[in-house]
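Shown next: work_12.cif, containing mmCIF, C-alpha atoms and all ligand atoms.
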data_data
#
loop_
_atom_site.label_atom_id
_atom_site.label_comp_id
_atom_site.auth_asym_id
_atom_site.auth_seq_id
_atom_site.Cartn_x
_atom_site.Cartn_y
_atom_site.Cartn_z
CA MET A 60 -26.59 -12.91 8.35
CA ILE A 61 -24.09 -12.99 5.50
CA MET A 62 -20.70 -14.60 5.93
CA LEU A 63 -17.80 -14.02 3.58
CA PRO A 64 -20.01 -12.60 0.82
CA GLY A 65 -18.79 -13.29 -2.68
CA LYS A 66 -15.80 -15.37 -1.68
CA PRO A 67 -15.65 -19.17 -2.05
CA PRO A 68 -14.45 -20.77 1.22
CA TYR A 69 -11.37 -22.30 -0.37
CA SER A 70 -10.11 -19.11 -1.99
CA GLN A 71 -6.73 -18.19 -0.71
CA GLN A 72 -3.80 -15.91 -1.23
CA GLY A 73 -1.27 -17.00 -3.80
CA GLY A 74 -3.85 -17.90 -6.46
CA GLU A 75 -3.64 -21.66 -6.09
CA ASP A 76 -6.18 -23.76 -7.93
CA GLN A 77 -9.58 -23.83 -6.17
CA ILE A 78 -10.06 -27.53 -7.05
CA GLU A 79 -6.69 -28.38 -5.56
CA ASN A 80 -7.56 -26.43 -2.42
CA ILE A 81 -10.88 -28.24 -2.11
CA LEU A 82 -9.33 -31.68 -2.64
CA LYS A 83 -6.67 -30.91 -0.04
CA MET A 84 -9.25 -29.24 2.21
CA ASN A 85 -6.81 -26.36 2.50
CA PHE A 86 -9.03 -23.89 4.36
CA SER A 87 -7.36 -20.51 4.75
CA TYR A 88 -9.22 -18.82 7.58
CA PRO A 89 -7.47 -19.03 10.96
CA LEU A 90 -8.59 -20.50 14.25
CA GLY A 91 -6.56 -18.99 17.07
CA GLU A 92 -2.93 -19.70 16.32
CA LYS A 93 -3.80 -22.20 13.61
CA THR A 94 -3.44 -20.70 10.15
CA ASN A 95 -1.90 -21.48 6.78
CA LYS A 96 -1.31 -17.71 6.47
CA LYS A 97 -3.13 -17.59 3.15
CA THR A 98 -6.33 -15.84 4.24
CA PRO A 99 -7.55 -13.72 1.31
CA GLU A 100 -6.72 -10.03 1.53
CA GLY A 101 -9.51 -7.49 1.76
CA PRO A 102 -12.72 -7.44 3.78
CA TRP A 103 -12.96 -11.22 4.19
CA ARG A 104 -10.28 -11.48 6.82
CA TYR A 105 -12.00 -8.66 8.73
CA ILE A 106 -15.40 -10.34 8.45
CA TRP A 107 -13.88 -13.58 9.69
CA SER A 108 -12.28 -11.86 12.68
CA HIS A 109 -15.68 -10.53 13.78
CA LEU A 110 -17.28 -13.98 13.92
CA PRO A 111 -17.59 -15.57 17.37
CA TYR A 112 -15.28 -18.43 18.27
CA LYS A 113 -17.97 -21.12 18.04
CA ILE A 114 -18.76 -20.22 14.43
CA LYS A 115 -15.10 -20.01 13.46
CA GLU A 116 -14.47 -23.34 15.12
CA ALA A 117 -17.37 -25.02 13.29
CA PHE A 118 -16.14 -23.80 9.92
CA TYR A 119 -12.48 -24.42 10.60
CA LYS A 120 -12.91 -27.95 11.94
CA SER A 121 -15.29 -28.90 9.11
CA PHE A 122 -13.39 -27.38 6.21
CA ARG A 123 -9.80 -28.10 7.24
CA LYS A 124 -8.38 -31.54 6.49
CA GLY A 125 -7.74 -33.79 9.50
CA GLU A 126 -9.74 -31.58 11.88
CA GLU A 127 -12.46 -32.90 14.19
CA TYR A 128 -15.50 -32.52 11.90
CA SER A 129 -13.74 -32.85 8.56
CA ALA A 130 -14.42 -36.53 7.77
CA PRO A 131 -17.82 -37.36 6.19
CA GLY A 132 -19.08 -39.35 9.19
CA LYS A 133 -18.09 -36.67 11.69
CA ARG A 134 -19.68 -33.57 10.24
CA LEU A 135 -21.80 -31.30 12.39
CA THR A 136 -25.52 -31.85 11.97
CA THR A 137 -27.95 -29.18 10.82
CA ALA A 138 -29.09 -28.92 14.43
CA ASP A 139 -25.49 -28.31 15.58
CA TRP A 140 -25.11 -25.51 13.07
CA TYR A 141 -28.44 -24.06 14.09
CA ASP A 142 -27.40 -24.05 17.76
CA ARG A 143 -24.20 -22.25 17.00
CA MET A 144 -25.96 -19.65 14.88
CA GLU A 145 -28.52 -19.15 17.60
CA HIS A 146 -25.77 -18.73 20.17
CA TYR A 147 -24.15 -16.12 17.90
CA LEU A 148 -27.39 -14.19 17.53
CA ASN A 149 -28.74 -14.43 21.07
CA ASP A 150 -25.69 -14.67 23.33
CA ALA A 151 -22.55 -13.57 21.60
CA LEU A 152 -23.53 -10.68 19.35
CA ASP A 153 -24.54 -8.08 21.96
CA LYS A 154 -21.36 -8.57 23.95
CA MET A 155 -19.30 -8.44 20.81
CA ILE A 156 -20.92 -5.17 19.72
CA GLU A 157 -20.40 -3.73 23.18
CA ASN A 158 -16.73 -4.59 22.95
CA ASP A 159 -16.47 -3.35 19.38
CA PRO A 160 -19.33 -1.63 17.55
CA MET A 161 -17.82 -2.71 14.26
CA SER A 162 -18.94 -6.28 15.00
CA ALA A 163 -22.44 -5.13 14.00
CA GLU A 164 -21.29 -4.28 10.47
CA LEU A 165 -21.82 -6.64 7.55
CA PHE A 166 -18.65 -5.25 6.01
CA PRO A 167 -16.22 -4.35 8.80
CA THR A 168 -13.26 -2.31 7.63
CA ARG A 169 -10.75 -3.66 10.12
CA PHE A 170 -10.08 -6.59 12.45
CA LYS A 171 -12.09 -7.06 15.59
CA ARG A 172 -10.83 -5.05 18.53
CA VAL A 173 -9.13 -6.83 21.37
CA ALA A 174 -10.53 -5.59 24.68
CA SER A 175 -7.12 -5.33 26.37
CA LEU A 176 -5.65 -3.03 23.72
CA THR A 177 -6.06 0.70 23.19
CA TYR A 178 -7.10 1.88 19.76
CA ILE A 179 -6.69 5.27 18.12
CA SER A 180 -7.48 6.47 14.65
CA CYS A 181 -4.49 6.99 12.40
CA LYS A 182 -3.82 10.67 11.71
CA LEU A 183 -3.25 9.99 8.03
CA CYS A 184 -5.68 7.25 6.93
CA GLY A 185 -8.20 7.57 9.75
CA LYS A 186 -8.37 3.82 10.34
CA ASP A 187 -8.68 2.42 13.85
CA VAL A 188 -5.33 0.98 14.83
CA VAL A 189 -3.76 -0.43 17.97
CA GLU A 190 -2.01 2.48 19.64
CA ASP A 191 1.15 0.46 20.27
CA MET A 192 1.41 -0.14 16.54
CA THR A 193 1.58 3.57 15.75
CA GLU A 194 4.23 6.26 15.95
CA ASN A 195 3.16 9.85 16.51
CA GLY A 196 -0.39 8.67 15.87
CA ILE A 197 0.41 7.25 12.43
CA CYS A 198 -0.13 3.59 11.54
CA ARG A 199 2.64 1.39 10.14
CA ASP A 200 0.92 1.10 6.79
CA CYS A 201 0.94 4.83 6.35
CA LEU A 202 4.49 5.19 7.67
CA SER A 203 5.83 2.91 4.96
CA LYS A 204 3.96 4.72 2.23
CA GLY A 205 5.12 7.98 0.70
CA GLU A 206 6.13 9.77 -2.43
CA GLN A 207 8.69 8.99 -5.07
CA CYS A 208 11.20 11.42 -6.47
CA HIS A 209 14.38 11.11 -8.49
CA CYS A 210 18.05 11.73 -7.74
CA SER A 211 18.86 15.02 -9.47
CA ARG A 212 22.19 13.64 -10.65
CA CYS A 213 21.61 10.00 -11.75
CA GLY A 214 17.81 9.79 -11.89
CA LYS A 215 17.60 6.88 -9.45
CA ILE A 216 14.20 6.60 -7.79
CA LEU A 217 14.22 7.88 -4.22
CA LYS A 218 11.44 7.09 -1.80
CA TYR A 219 10.35 9.77 0.57
CA THR A 220 8.21 7.93 3.10
CA ASN A 221 5.81 9.30 5.65
CA ARG A 222 8.28 7.96 8.23
CA ASP A 223 11.01 10.22 6.75
CA LYS A 224 8.57 13.10 6.68
CA TYR A 225 6.75 12.83 10.00
CA ILE A 226 8.99 10.73 12.28
CA SER A 227 12.56 11.46 11.20
CA GLN A 228 11.44 14.90 9.99
CA GLU A 229 13.92 14.78 7.16
CA LYS A 230 13.69 17.00 4.15
CA ARG A 231 13.11 15.39 0.80
CA HIS A 232 16.41 14.12 -0.58
CA ASP A 233 17.67 15.57 -3.79
CA LEU A 234 20.52 13.09 -4.26
CA CYS A 235 20.80 9.32 -3.85
CA LEU A 236 23.30 8.05 -1.32
CA ASN A 237 25.81 7.05 -4.01
CA CYS A 238 25.78 10.45 -5.67
CA HIS A 239 25.87 12.22 -2.35
CA THR A 240 28.91 10.21 -1.25
CA TYR A 241 30.62 10.60 -4.60
CA LEU A 242 30.14 14.37 -4.83
CA ASN A 243 31.69 14.85 -1.41
CA GLN A 244 34.77 12.79 -2.15
CA VAL A 245 38.01 14.54 -3.01
CA TYR A 246 38.61 15.00 -6.73
CA SER A 247 42.10 16.48 -6.36
CA GLU A 248 44.45 18.16 -3.93
CA VAL A 249 46.11 21.34 -5.06
CA TYR A 250 48.82 23.59 -3.63
CA CYS A 251 47.68 27.18 -3.53
CA SER A 252 49.53 29.28 -6.10
CA GLU A 253 49.66 32.16 -3.66
CA CYS A 254 50.32 30.86 -0.14
CA GLY A 255 51.39 27.30 -0.96
CA SER A 256 48.95 25.56 1.38
CA LEU A 257 47.22 22.37 0.29
CA PHE A 258 43.50 22.54 -0.45
CA THR A 259 41.03 20.04 -1.87
CA ILE A 260 38.54 20.11 -4.71
CA THR A 261 35.59 17.75 -4.36
CA ASN A 262 33.95 15.80 -7.18
CA GLY A 263 30.92 18.01 -6.69
CA GLU A 264 32.94 21.19 -7.18
CA TYR A 265 34.71 19.63 -10.13
CA GLU A 266 31.44 18.61 -11.83
CA PHE A 267 29.98 22.02 -11.24
CA LEU A 268 32.98 23.82 -12.77
CA GLN A 269 33.05 21.42 -15.73
CA GLN A 270 29.39 22.06 -16.43
CA LYS A 271 29.94 25.79 -16.33
CA GLY A 272 33.05 25.50 -18.48
CA PHE A 273 35.37 27.05 -15.90
CA ARG A 274 38.86 25.95 -14.96
CA LEU A 275 39.76 24.59 -11.55
CA PRO A 276 40.80 27.07 -8.86
CA GLN A 277 44.50 27.70 -8.31
CA LYS A 278 44.19 29.41 -4.96
CA CYS A 279 43.00 28.24 -1.57
CA LYS A 280 39.80 29.48 -0.06
CA SER A 281 41.31 32.19 2.13
CA CYS A 282 43.49 33.54 -0.66
CA ARG A 283 40.46 33.56 -2.94
CA ALA A 284 38.50 35.45 -0.31
CA ALA A 285 41.36 37.91 0.11
CA SER A 286 41.66 38.55 -3.63
CA LYS A 287 37.94 38.89 -3.95
CA TYR A 288 38.02 41.52 -1.23
CA ALA A 289 40.91 43.27 -2.96
CA VAL A 290 39.10 43.24 -6.33
CA SER A 291 35.98 44.69 -4.86
CA HIS A 292 38.11 47.39 -3.20
CA GLY A 293 39.92 48.23 -6.41
CA SER A 294 43.41 46.95 -5.56
CA SER A 295 45.56 46.78 -8.71
CA GLN A 296 47.91 44.29 -7.12
CA VAL A 297 45.43 41.47 -7.21
CA ALA A 298 43.79 42.54 -10.43
CA ALA A 299 47.08 41.64 -12.10
CA GLY A 300 46.30 37.99 -11.49
CA GLY A 301 43.18 38.84 -13.48
CA ASN A 302 40.65 36.20 -14.24
CA THR A 303 37.53 37.43 -15.93
CA GLU A 304 35.59 34.32 -15.09
CA ASP A 305 36.13 34.85 -11.40
CA PRO A 306 36.26 31.19 -10.29
CA ASP A 307 36.50 32.43 -6.70
CA GLN A 308 32.94 33.48 -6.77
CA LEU A 309 31.97 30.25 -8.47
CA ILE A 310 33.67 28.14 -5.88
CA THR A 311 31.97 30.07 -3.15
CA GLY A 312 28.76 29.43 -5.05
CA THR A 313 29.58 25.76 -5.39
CA GLY A 314 30.40 25.56 -1.72
CA SER A 315 26.97 26.71 -0.81
CA LEU A 316 25.44 24.45 -3.44
CA ILE A 317 27.31 21.49 -1.99
CA SER A 318 26.34 22.34 1.55
CA GLN A 319 22.75 22.67 0.39
CA LEU A 320 22.92 19.26 -1.29
CA LEU A 321 24.53 17.89 1.84
CA LYS A 322 21.67 19.06 3.96
CA LEU A 323 19.15 17.67 1.53
CA SER A 324 20.72 14.25 1.30
CA LYS A 325 21.78 13.56 4.85
CA LYS A 326 20.42 9.99 4.75
ZN ZN B 1 -2.80 5.05 8.59
ZN ZN B 2 22.13 9.46 -7.79
ZN ZN B 3 46.35 30.30 -0.40
#
In structure tokens, what does this structure look like?
Ligand SMILES: [Zn+2]
Ligand SMILES: [Zn+2]
Ligand SMILES: [Zn+2]
Amino acid sequence: MIMLPGKPPYSQQGGEDQIENILKMNFSYPLGEKTNKKTPEGPWRYIWSHLPYKIKEAFYKSFRKGEEYSAPGKRLTTADWYDRMEHYLNDALDKMIENDPMSAELFPTRFKRVASLTYISCKLCGKDVVEDMTENGICRDCLSKGEQCHCSRCGKILKYTNRDKYISQEKRHDLCLNCHTYLNQVYSEVYCSECGSLFTITNGEYEFLQQKGFRLPQKCKSCRAASKYAVSHGSSQVAAGGNTEDPDQLITGTGSLISQLLKLSKK
């Protein structure tokens, strides 16, 4: 039997000095609710969880300051240790393996199963996880992971998590929230040169037109649509207002660009 292979008993999370830990008898493996919450990450916490209570208790109470067997005169004898090991091998182990086959492994890859809980294997990482701790069959670890992308406007890093992808079923965002909000705010309000009604130009439309080197539209959407129709049907009346750059078309284009961006960056 190998216990905590390759890890000194006073190692702990946070990288504190081993000597200090030994002097303070700051043992980091838990016993029931008792824990300093510094158990080393990795397989050791799993190995520990698969030990039977009597073994955990013997270690915990011997290695942790102020506990029952921690003072020199109170330590467990060799015979006590032997009894506990024998109990582990002859009484506890079979039941433990029956409850959780992973208890037979020298290097378990997860915590010991609790009999009252239901376990499933995560759809993404394949690890055994408590069903209640999953959503759509995906563990919390995997849900918080994901891919990184960048805002197409400011370059800010955007995280596209597995939760966004599989639970919220969102599309990957193209814009950060700031840019998305900004682009949809009103840049200016203009009275239509044709019908006189007030229409708005958003920052997004403004930026788009600037980039393309076009001037801002003078007519409202419906007048633009009407003149576009007239142009395509060869009406000379509208052609008089001639604009070779046809901002109408551009704005229509921008509109669809904006609505596309909107859809992409709903969050
Ligand atoms: Zn997972
Ligand atoms: Zn941005
Ligand atoms: Zn108009």
Residues of chain A at most 12 Å from ligand ZN 3 (chain B): nearest atom pair and distance in Å, all atoms listed in the file, as a Markdown table:
| residue | atom | partner | partner_atom | distance |
| --- | --- | --- | --- | --- |
| A:Val249 | CA | B:ZN3 | ZN | 10.1 |
| A:Tyr250 | CA | B:ZN3 | ZN | 7.8 |
| A:Cys251 | CA | B:ZN3 | ZN | 4.6 |
| A:Ser252 | CA | B:ZN3 | ZN | 6.6 |
| A:Glu253 | CA | B:ZN3 | ZN | 5.0 |
| A:Cys254 | CA | B:ZN3 | ZN | 4.0 |
| A:Gly255 | CA | B:ZN3 | ZN | 5.9 |
| A:Ser256 | CA | B:ZN3 | ZN | 5.7 |
| A:Leu257 | CA | B:ZN3 | ZN | 8.0 |
| A:Phe258 | CA | B:ZN3 | ZN | 8.3 |
| A:Thr259 | CA | B:ZN3 | ZN | 11.7 |
| A:Pro276 | CA | B:ZN3 | ZN | 10.6 |
| A:Gln277 | CA | B:ZN3 | ZN | 8.5 |
| A:Lys278 | CA | B:ZN3 | ZN | 5.1 |
| A:Cys279 | CA | B:ZN3 | ZN | 4.1 |
| A:Lys280 | CA | B:ZN3 | ZN | 6.6 |
| A:Ser281 | CA | B:ZN3 | ZN | 5.9 |
| A:Cys282 | CA | B:ZN3 | ZN | 4.3 |
| A:Arg283 | CA | B:ZN3 | ZN | 7.2 |
| A:Ala284 | CA | B:ZN3 | ZN | 9.4 |
| A:Ala285 | CA | B:ZN3 | ZN | 9.1 |
| A:Ser286 | CA | B:ZN3 | ZN | 10.0 |
| A:Asp307 | CA | B:ZN3 | ZN | 11.9 |
Taking C-alpha atoms for each residue, export the selection above as a PDB file, keeping the file's coordinate frame.
ATOM      1  CA  VAL A 249      46.110  21.340  -5.060  1.00  0.00           C
ATOM      2  CA  TYR A 250      48.820  23.590  -3.630  1.00  0.00           C
ATOM      3  CA  CYS A 251      47.680  27.180  -3.530  1.00  0.00           C
ATOM      4  CA  SER A 252      49.530  29.280  -6.100  1.00  0.00           C
ATOM      5  CA  GLU A 253      49.660  32.160  -3.660  1.00  0.00           C
ATOM      6  CA  CYS A 254      50.320  30.860  -0.140  1.00  0.00           C
ATOM      7  CA  GLY A 255      51.390  27.300  -0.960  1.00  0.00           C
ATOM      8  CA  SER A 256      48.950  25.560   1.380  1.00  0.00           C
ATOM      9  CA  LEU A 257      47.220  22.370   0.290  1.00  0.00           C
ATOM     10  CA  PHE A 258      43.500  22.540  -0.450  1.00  0.00           C
ATOM     11  CA  THR A 259      41.030  20.040  -1.870  1.00  0.00           C
ATOM     12  CA  PRO A 276      40.800  27.070  -8.860  1.00  0.00           C
ATOM     13  CA  GLN A 277      44.500  27.700  -8.310  1.00  0.00           C
ATOM     14  CA  LYS A 278      44.190  29.410  -4.960  1.00  0.00           C
ATOM     15  CA  CYS A 279      43.000  28.240  -1.570  1.00  0.00           C
ATOM     16  CA  LYS A 280      39.800  29.480  -0.060  1.00  0.00           C
ATOM     17  CA  SER A 281      41.310  32.190   2.130  1.00  0.00           C
ATOM     18  CA  CYS A 282      43.490  33.540  -0.660  1.00  0.00           C
ATOM     19  CA  ARG A 283      40.460  33.560  -2.940  1.00  0.00           C
ATOM     20  CA  ALA A 284      38.500  35.450  -0.310  1.00  0.00           C
ATOM     21  CA  ALA A 285      41.360  37.910   0.110  1.00  0.00           C
ATOM     22  CA  SER A 286      41.660  38.550  -3.630  1.00  0.00           C
ATOM     23  CA  ASP A 307      36.500  32.430  -6.700  1.00  0.00           C
TER      24      ASP A 307
END
Nearby residues, ligand ZN 2 (chain B), 6 Å, all atoms listed in the file, as JSON, numbers by chain = {"A": [210, 212, 213, 214, 215, 234, 235, 237, 238]}
I'd like a table as CSV: residues in chain A with an atom no more than 12 Å from ligand ZN 1 (chain B), each row giving the shortest atom pair and its distance in Å to one decimal, all atoms listed in the file counted, sorted by chain and rising residue number.
residue,atom,partner,partner_atom,distance
A:Arg169,CA,B:ZN1,ZN,11.9
A:Ile179,CA,B:ZN1,ZN,10.3
A:Ser180,CA,B:ZN1,ZN,7.8
A:Cys181,CA,B:ZN1,ZN,4.6
A:Lys182,CA,B:ZN1,ZN,6.5
A:Leu183,CA,B:ZN1,ZN,5.0
A:Cys184,CA,B:ZN1,ZN,4.0
A:Gly185,CA,B:ZN1,ZN,6.1
A:Lys186,CA,B:ZN1,ZN,6.0
A:Asp187,CA,B:ZN1,ZN,8.3
A:Val188,CA,B:ZN1,ZN,7.9
A:Val189,CA,B:ZN1,ZN,10.9
A:Glu190,CA,B:ZN1,ZN,11.4
A:Met192,CA,B:ZN1,ZN,10.4
A:Thr193,CA,B:ZN1,ZN,8.5
A:Glu194,CA,B:ZN1,ZN,10.2
A:Asn195,CA,B:ZN1,ZN,11.0
A:Gly196,CA,B:ZN1,ZN,8.5
A:Ile197,CA,B:ZN1,ZN,5.5
A:Cys198,CA,B:ZN1,ZN,4.2
A:Arg199,CA,B:ZN1,ZN,6.7
A:Asp200,CA,B:ZN1,ZN,5.7
A:Cys201,CA,B:ZN1,ZN,4.4
A:Leu202,CA,B:ZN1,ZN,7.3
A:Ser203,CA,B:ZN1,ZN,9.6
A:Lys204,CA,B:ZN1,ZN,9.3
A:Gly205,CA,B:ZN1,ZN,11.6
A:Asn221,CA,B:ZN1,ZN,10.0
A:Arg222,CA,B:ZN1,ZN,11.5
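Atom pair CA of Leu176 (chain A) / CA of Tyr88 (chain A): separated by 22.9 Å.
Using only C-alpha atoms, the smallest distance between any of A:Gln270, A:Gln207, A:Asn158, A:Gln77 and His109 (chain A) comes from A:Asn158.
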inquiry  = Taking 6 positions as the minimum chain separation for residues in the same chain, which residues sit within 8 Å of region 92-102 of chain A when counting all atoms listed in the file? Answer as a PyMOL selection string.
reply    = chain A and resi 70-73+86+166-169
Output of the above residues as a tab-separated table (two decimals), keeping the file's coordinate frame, restricted to C-alpha atoms:
chain	number	residue	atom	x	y	z
A	70	SER	CA	-10.11	-19.11	-1.99
A	71	GLN	CA	-6.73	-18.19	-0.71
A	72	GLN	CA	-3.80	-15.91	-1.23
A	73	GLY	CA	-1.27	-17.00	-3.80
A	86	PHE	CA	-9.03	-23.89	4.36
A	166	PHE	CA	-18.65	-5.25	6.01
A	167	PRO	CA	-16.22	-4.35	8.80
A	168	THR	CA	-13.26	-2.31	7.63
A	169	ARG	CA	-10.75	-3.66	10.12
Can you tell me, as lines of an AutoDock Vina configuration file, the centre and edge lengths (Å, one decimal) of the axis-aligned box enclosing all of region 246-252 of chain A's listed atoms after padding each side by 8 Å?
center_x = 44.1
center_y = 22.1
center_z = -5.1
size_x = 26.9
size_y = 30.3
size_z = 19.2
note = Judged by all atoms listed in the file, the minimum distance to Pro160 (chain A) among A:Tyr147, A:Ala174, A:Lys133, A:Tyr241 is found for A:Ala174
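One distance worth recording is that between CA of Arg172 (chain A) and CA of Ala151 (chain A), which is 14.8 Å.
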ask   = What lies within 9 Å of Leu275 (chain A) using only C-alpha atoms, ignoring chain neighbours under 3 positions off, as a PyMOL selection string?
value = chain A and resi 260+264-265+268-269+306
